[in-house]
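Participant: This is the structure, below, for whatever I ask next.
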Amino acid sequence: MAHPKLQLPLPFEQILCRHEREIMRYLLRASGDRDDAADLFQETWLRAYRAYPRLEPDREVRPWLYAIAVNLCRNRARDGARRRRVIVADDQQDSAAERAGKTHRSHHENDGYATVRLGELISALPERQREALQLRYFAGLDYPEIAKIMKCSQPAARANVSQALRKLKSLW
Amino acid sequence: MKLEKLIGGSSEFNEQTIEEMLRRSRPRIDHALKAMRRPEVAVGVVNSPLGALLVALGGRGILLIHYLGGADDLESAIAKLRLAVDPVEDRSKIKAVGAEIGRYLAGDADALRRDADLTLAPSPFQKKVLYKLQQVPRGAVVSYQALGAAAGAPKGARAVGNALHNNPVPIYVPCHRVIASDGGLGGYGGGIARKLKLLRSEGFALSKADERLPDSVVWGHTGTKVFCRSTCHTTARVDRTKIVFFADPEEAKQAGLRPCKICRPG
């Protein structure tokens, strides 16, 4: 007598082992801060564990994990922005990109400065463009995956990335 | 494309940093996960005389026995199970449970050795019904109505039916030992054919087409401790919530009841 074959999803530990490195890399680069990244990393995996039973078996794990990480980054950025707004009076606030433009323009060729300046420019991008750009270039994901993570169409994901690039180039 | 390269490549965090961060994060995650871990249980699919079963066995006993239909059925049962526990396949453990069930259906009354863990029963009332049901011995059956009364809901026969439908551990929690109070067999989550098979293995003389308990069944009254033939005129006016049906007079005597002096069963 043949009975239906039991197929269990991967144990959570294996998913953790398989993806922790890339998630950490992404979070470090997206948040730009070790403490933030460590917090976000832990929160990402706890949420993933809690939600893992509800992940449909035919859905891919990788975009799902990134989606959790991206959402957490977004929340963190929003909370951070709220906190900063309280501290800095409105009239003293000019955009990070402008400030970066003033201070670092002459240090283009210096690698360290370029990295810092680029980070500031990226963090000044509109939310969705920034997220798409980070997923494409920090995490090296392809457009179908980015579209899944951001819940948009592939052309929309592509457009977000290219607009972000155009903006960066004009400010560079 | 210099800028793209710069975005993709430039980072103040190299692989060494990442490794170090991972090393530090792992214990923190393990610690945090420990508090919210779902318990690990052994699961497997096993063949039995009642068809293929999905069985889940935890530390405190059998959590789930599920009569399997098709492949989709297995998938959805696993998905539901995973909301509460972390299943790990363990064929040998589950095979042992299958063997117990096989022996039981072959007539070995003591074959079912494991406990049933009723954690997956959806509500407190349903849990209570299933606990009460565990006291109904092999060779006896009760009605939905009587079981409802025992669980504190004398008018809750339908609710009892629901509880039995949601019984996570059939066979071990004997929901097949519950019938309609008029002697009709009622329904069964795994289909009436399985109920018939189980009842037959417990000594009830039921043929394939039977939809009612046979006349050889005697009616036991748990209050007066008397049992009667099903045809005895006293059965017409007794309180049905106190009735237990026995497969034959012997079973009733073993349960500590005496025969009725009017209809003289057995």
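Identifiers in the structure tokens: chain A, B, ... in order shown; residue index from 1 per chain; ligand index from 1 in order shown.
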Give me, as JSON lines, each residue of chain B that comes within 9 Å of chain A, together with its shortest interatomic pair and the distance in Å at one decimal, counting only C-alpha atoms, with rows ordered by chain and rising residue number.
Facilitator:
{"residue": "B:Leu3", "atom": "CA", "partner": "A:Lys169", "partner_atom": "CA", "distance": 7.3}
{"residue": "B:Glu4", "atom": "CA", "partner": "A:Tyr137", "partner_atom": "CA", "distance": 7.6}
{"residue": "B:Lys5", "atom": "CA", "partner": "A:Tyr137", "partner_atom": "CA", "distance": 8.6}
{"residue": "B:Leu6", "atom": "CA", "partner": "A:Thr115", "partner_atom": "CA", "distance": 7.9}
{"residue": "B:Ile7", "atom": "CA", "partner": "A:Tyr137", "partner_atom": "CA", "distance": 6.3}
{"residue": "B:Gly8", "atom": "CA", "partner": "A:Tyr137", "partner_atom": "CA", "distance": 4.7}
{"residue": "B:Gly9", "atom": "CA", "partner": "A:Phe138", "partner_atom": "CA", "distance": 8.1}
{"residue": "B:Ser10", "atom": "CA", "partner": "A:Thr115", "partner_atom": "CA", "distance": 6.1}
{"residue": "B:Ser11", "atom": "CA", "partner": "A:Thr115", "partner_atom": "CA", "distance": 6.7}
{"residue": "B:Glu12", "atom": "CA", "partner": "A:Thr115", "partner_atom": "CA", "distance": 7.5}
{"residue": "B:Phe13", "atom": "CA", "partner": "A:Leu28", "partner_atom": "CA", "distance": 7.2}
{"residue": "B:Asn14", "atom": "CA", "partner": "A:Arg25", "partner_atom": "CA", "distance": 8.8}
{"residue": "B:Glu15", "atom": "CA", "partner": "A:Arg25", "partner_atom": "CA", "distance": 8.2}
{"residue": "B:Ile18", "atom": "CA", "partner": "A:Arg25", "partner_atom": "CA", "distance": 6.4}
{"residue": "B:Glu19", "atom": "CA", "partner": "A:Arg21", "partner_atom": "CA", "distance": 7.7}
{"residue": "B:Met21", "atom": "CA", "partner": "A:Ala38", "partner_atom": "CA", "distance": 7.2}
{"residue": "B:Leu22", "atom": "CA", "partner": "A:Arg21", "partner_atom": "CA", "distance": 7.3}
{"residue": "B:Arg24", "atom": "CA", "partner": "A:Ala38", "partner_atom": "CA", "distance": 8.7}
{"residue": "B:Ser25", "atom": "CA", "partner": "A:Ala38", "partner_atom": "CA", "distance": 6.7}
{"residue": "B:Arg26", "atom": "CA", "partner": "A:Gln42", "partner_atom": "CA", "distance": 8.6}
{"residue": "B:Arg28", "atom": "CA", "partner": "A:Gln42", "partner_atom": "CA", "distance": 7.5}
{"residue": "B:Ile29", "atom": "CA", "partner": "A:Gln42", "partner_atom": "CA", "distance": 5.8}
{"residue": "B:Ala32", "atom": "CA", "partner": "A:Leu46", "partner_atom": "CA", "distance": 7.6}
{"residue": "B:Leu33", "atom": "CA", "partner": "A:Leu46", "partner_atom": "CA", "distance": 6.7}
{"residue": "B:Met36", "atom": "CA", "partner": "A:Arg50", "partner_atom": "CA", "distance": 8.1}
{"residue": "B:Arg37", "atom": "CA", "partner": "A:Tyr49", "partner_atom": "CA", "distance": 8.5}
{"residue": "B:Val43", "atom": "CA", "partner": "A:Leu6", "partner_atom": "CA", "distance": 8.9}
{"residue": "B:Gly44", "atom": "CA", "partner": "A:Leu6", "partner_atom": "CA", "distance": 6.8}
{"residue": "B:Val45", "atom": "CA", "partner": "A:Leu6", "partner_atom": "CA", "distance": 6.5}
{"residue": "B:Val46", "atom": "CA", "partner": "A:His3", "partner_atom": "CA", "distance": 7.6}
{"residue": "B:Asn47", "atom": "CA", "partner": "A:His3", "partner_atom": "CA", "distance": 7.0}
{"residue": "B:Gly51", "atom": "CA", "partner": "A:His3", "partner_atom": "CA", "distance": 8.5}
{"residue": "B:Ala52", "atom": "CA", "partner": "A:His3", "partner_atom": "CA", "distance": 5.9}
{"residue": "B:Leu53", "atom": "CA", "partner": "A:His3", "partner_atom": "CA", "distance": 8.6}
{"residue": "B:Leu54", "atom": "CA", "partner": "A:Leu6", "partner_atom": "CA", "distance": 8.7}
{"residue": "B:Leu68", "atom": "CA", "partner": "A:Pro4", "partner_atom": "CA", "distance": 8.3}
{"residue": "B:Gly69", "atom": "CA", "partner": "A:Pro4", "partner_atom": "CA", "distance": 8.9}
{"residue": "B:Gly70", "atom": "CA", "partner": "A:Pro4", "partner_atom": "CA", "distance": 7.2}
{"residue": "B:Ala71", "atom": "CA", "partner": "A:Pro4", "partner_atom": "CA", "distance": 5.8}
{"residue": "B:Leu74", "atom": "CA", "partner": "A:Pro4", "partner_atom": "CA", "distance": 7.5}
{"residue": "B:Glu75", "atom": "CA", "partner": "A:Gln7", "partner_atom": "CA", "distance": 8.0}
{"residue": "B:Ile78", "atom": "CA", "partner": "A:Leu8", "partner_atom": "CA", "distance": 7.8}
{"residue": "B:Ala79", "atom": "CA", "partner": "A:Pro53", "partner_atom": "CA", "distance": 6.8}
{"residue": "B:Lys80", "atom": "CA", "partner": "A:Pro53", "partner_atom": "CA", "distance": 8.4}
{"residue": "B:Leu81", "atom": "CA", "partner": "A:Pro53", "partner_atom": "CA", "distance": 8.8}
{"residue": "B:Arg82", "atom": "CA", "partner": "A:Pro53", "partner_atom": "CA", "distance": 5.5}
{"residue": "B:Leu83", "atom": "CA", "partner": "A:Pro53", "partner_atom": "CA", "distance": 5.5}
{"residue": "B:Ala84", "atom": "CA", "partner": "A:Pro53", "partner_atom": "CA", "distance": 8.7}
{"residue": "B:Asp86", "atom": "CA", "partner": "A:Pro11", "partner_atom": "CA", "distance": 8.2}
{"residue": "B:Pro87", "atom": "CA", "partner": "A:Leu8", "partner_atom": "CA", "distance": 7.6}
{"residue": "B:Val88", "atom": "CA", "partner": "A:Leu8", "partner_atom": "CA", "distance": 7.6}
{"residue": "B:Glu89", "atom": "CA", "partner": "A:Leu8", "partner_atom": "CA", "distance": 7.6}
Participant: From a backbone DSSP assignment, name each residue in region 192-224 of chain B labelled helix (DSSP H, G or I), as an MDAnalysis selection string.
Facilitator: chainID B and resid 192:201
Participant: Any idea what the distance is between CA of Arg158 (chain A) and CA of Leu40 (chain A)?
Facilitator: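 Value for the CA of Arg158 (chain A)-CA of Leu40 (chain A) distance: 26.2 Å.
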Participant: DSSP says strand (DSSP E or B) for which residues of region 16-125 of chain B? Put them as a PyMOL selection string?
Facilitator: chain B and resi 40-48+51-58+61-67+86-89+116
Participant: Calculate how many Å separate CA of Pro144 (chain A) from CA of Leu125 (chain A), rounding to one decimal.
Facilitator: 22.0 Å
Participant: If we count only C-alpha atoms and set the cut-off at 10 Å, which residues sit around region 144-153 of chain B, ignoring sequence neighbours fewer than 3 positions away in its own chain? Please answer as a CSV table (one decimal) with N, CA and C atoms, in the first residue's frame.
Facilitator:
chain,number,residue,atom,x,y,z
B,125,PHE,N,-14.0,23.7,26.3
B,125,PHE,CA,-15.1,22.8,26.4
B,125,PHE,C,-14.8,21.5,25.6
B,126,GLN,N,-14.2,21.7,24.5
B,126,GLN,CA,-13.9,20.5,23.6
B,126,GLN,C,-12.9,19.6,24.3
B,127,LYS,N,-12.0,20.3,25.0
B,127,LYS,CA,-11.0,19.5,25.8
B,127,LYS,C,-11.7,18.7,26.8
B,128,LYS,N,-12.6,19.3,27.5
B,128,LYS,CA,-13.3,18.6,28.6
B,128,LYS,C,-14.1,17.4,28.1
B,129,VAL,N,-14.8,17.6,27.0
B,129,VAL,CA,-15.5,16.5,26.3
B,129,VAL,C,-14.6,15.4,26.1
B,130,LEU,N,-13.4,15.7,25.5
B,130,LEU,CA,-12.5,14.6,25.1
B,130,LEU,C,-11.9,13.9,26.4
B,131,TYR,N,-11.7,14.7,27.4
B,131,TYR,CA,-11.3,14.1,28.7
B,131,TYR,C,-12.3,13.1,29.2
B,132,LYS,N,-13.6,13.6,29.2
B,132,LYS,CA,-14.7,12.7,29.7
B,132,LYS,C,-14.8,11.4,28.9
B,133,LEU,N,-14.6,11.6,27.6
B,133,LEU,CA,-14.7,10.5,26.6
B,133,LEU,C,-13.7,9.5,26.9
B,136,VAL,N,-14.7,6.4,28.8
B,136,VAL,CA,-15.6,5.4,28.2
B,136,VAL,C,-14.7,4.2,27.8
B,141,VAL,N,-20.3,2.1,24.5
B,141,VAL,CA,-20.5,3.4,23.8
B,141,VAL,C,-21.5,4.3,24.6
B,156,GLY,N,-26.1,20.0,25.1
B,156,GLY,CA,-25.0,20.3,24.2
B,156,GLY,C,-24.6,19.2,23.3
B,157,ALA,N,-25.6,18.3,22.9
B,157,ALA,CA,-25.2,17.2,22.1
B,157,ALA,C,-24.5,17.6,20.8
B,158,ARG,N,-25.1,18.7,20.1
B,158,ARG,CA,-24.4,19.2,18.9
B,158,ARG,C,-23.0,19.6,19.1
B,159,ALA,N,-22.9,20.4,20.2
B,159,ALA,CA,-21.5,20.9,20.6
B,159,ALA,C,-20.6,19.7,20.8
B,160,VAL,N,-21.1,18.6,21.4
B,160,VAL,CA,-20.2,17.4,21.6
B,160,VAL,C,-19.8,16.9,20.2
B,161,GLY,N,-20.8,16.9,19.3
B,161,GLY,CA,-20.5,16.4,17.9
B,161,GLY,C,-19.4,17.2,17.3
B,164,LEU,N,-16.1,16.3,18.9
B,164,LEU,CA,-15.5,15.0,18.4
B,164,LEU,C,-15.0,15.1,17.0
B,175,CYS,N,-13.4,8.6,20.0
B,175,CYS,CA,-14.6,9.3,19.6
B,175,CYS,C,-15.5,8.4,18.7
B,177,ARG,N,-16.6,5.8,20.0
B,177,ARG,CA,-17.5,5.2,20.9
B,177,ARG,C,-18.7,6.2,21.3
B,178,VAL,N,-19.0,7.1,20.4
B,178,VAL,CA,-20.1,8.0,20.7
B,178,VAL,C,-21.1,7.8,19.6
B,179,ILE,N,-22.4,7.6,20.0
B,179,ILE,CA,-23.5,7.4,19.0
B,179,ILE,C,-24.7,8.2,19.3
B,180,ALA,N,-25.7,8.2,18.4
B,180,ALA,CA,-26.9,8.9,18.7
B,180,ALA,C,-27.7,8.2,19.8
B,181,SER,N,-28.5,9.0,20.5
B,181,SER,CA,-29.1,8.4,21.7
B,181,SER,C,-30.3,7.4,21.3
B,186,GLY,N,-24.6,7.6,14.2
B,186,GLY,CA,-24.1,8.9,14.2
B,186,GLY,C,-23.0,9.0,13.1
B,239,ASP,N,-33.6,8.2,32.1
B,239,ASP,CA,-32.8,9.5,31.8
B,239,ASP,C,-31.7,9.1,30.8
B,240,ARG,N,-31.8,9.5,29.6
B,240,ARG,CA,-30.8,9.1,28.6
B,240,ARG,C,-29.4,9.6,28.8
B,241,THR,N,-29.3,10.6,29.6
B,241,THR,CA,-27.9,11.1,29.8
B,241,THR,C,-27.1,10.2,30.7
B,242,LYS,N,-27.8,9.2,31.3
B,242,LYS,CA,-27.1,8.3,32.2
B,242,LYS,C,-26.9,6.9,31.6
B,243,ILE,N,-27.2,6.8,30.3
B,243,ILE,CA,-27.1,5.5,29.6
B,243,ILE,C,-25.7,5.3,29.0
B,244,VAL,N,-25.2,4.1,29.2
B,244,VAL,CA,-24.0,3.6,28.5
B,244,VAL,C,-24.4,2.4,27.8
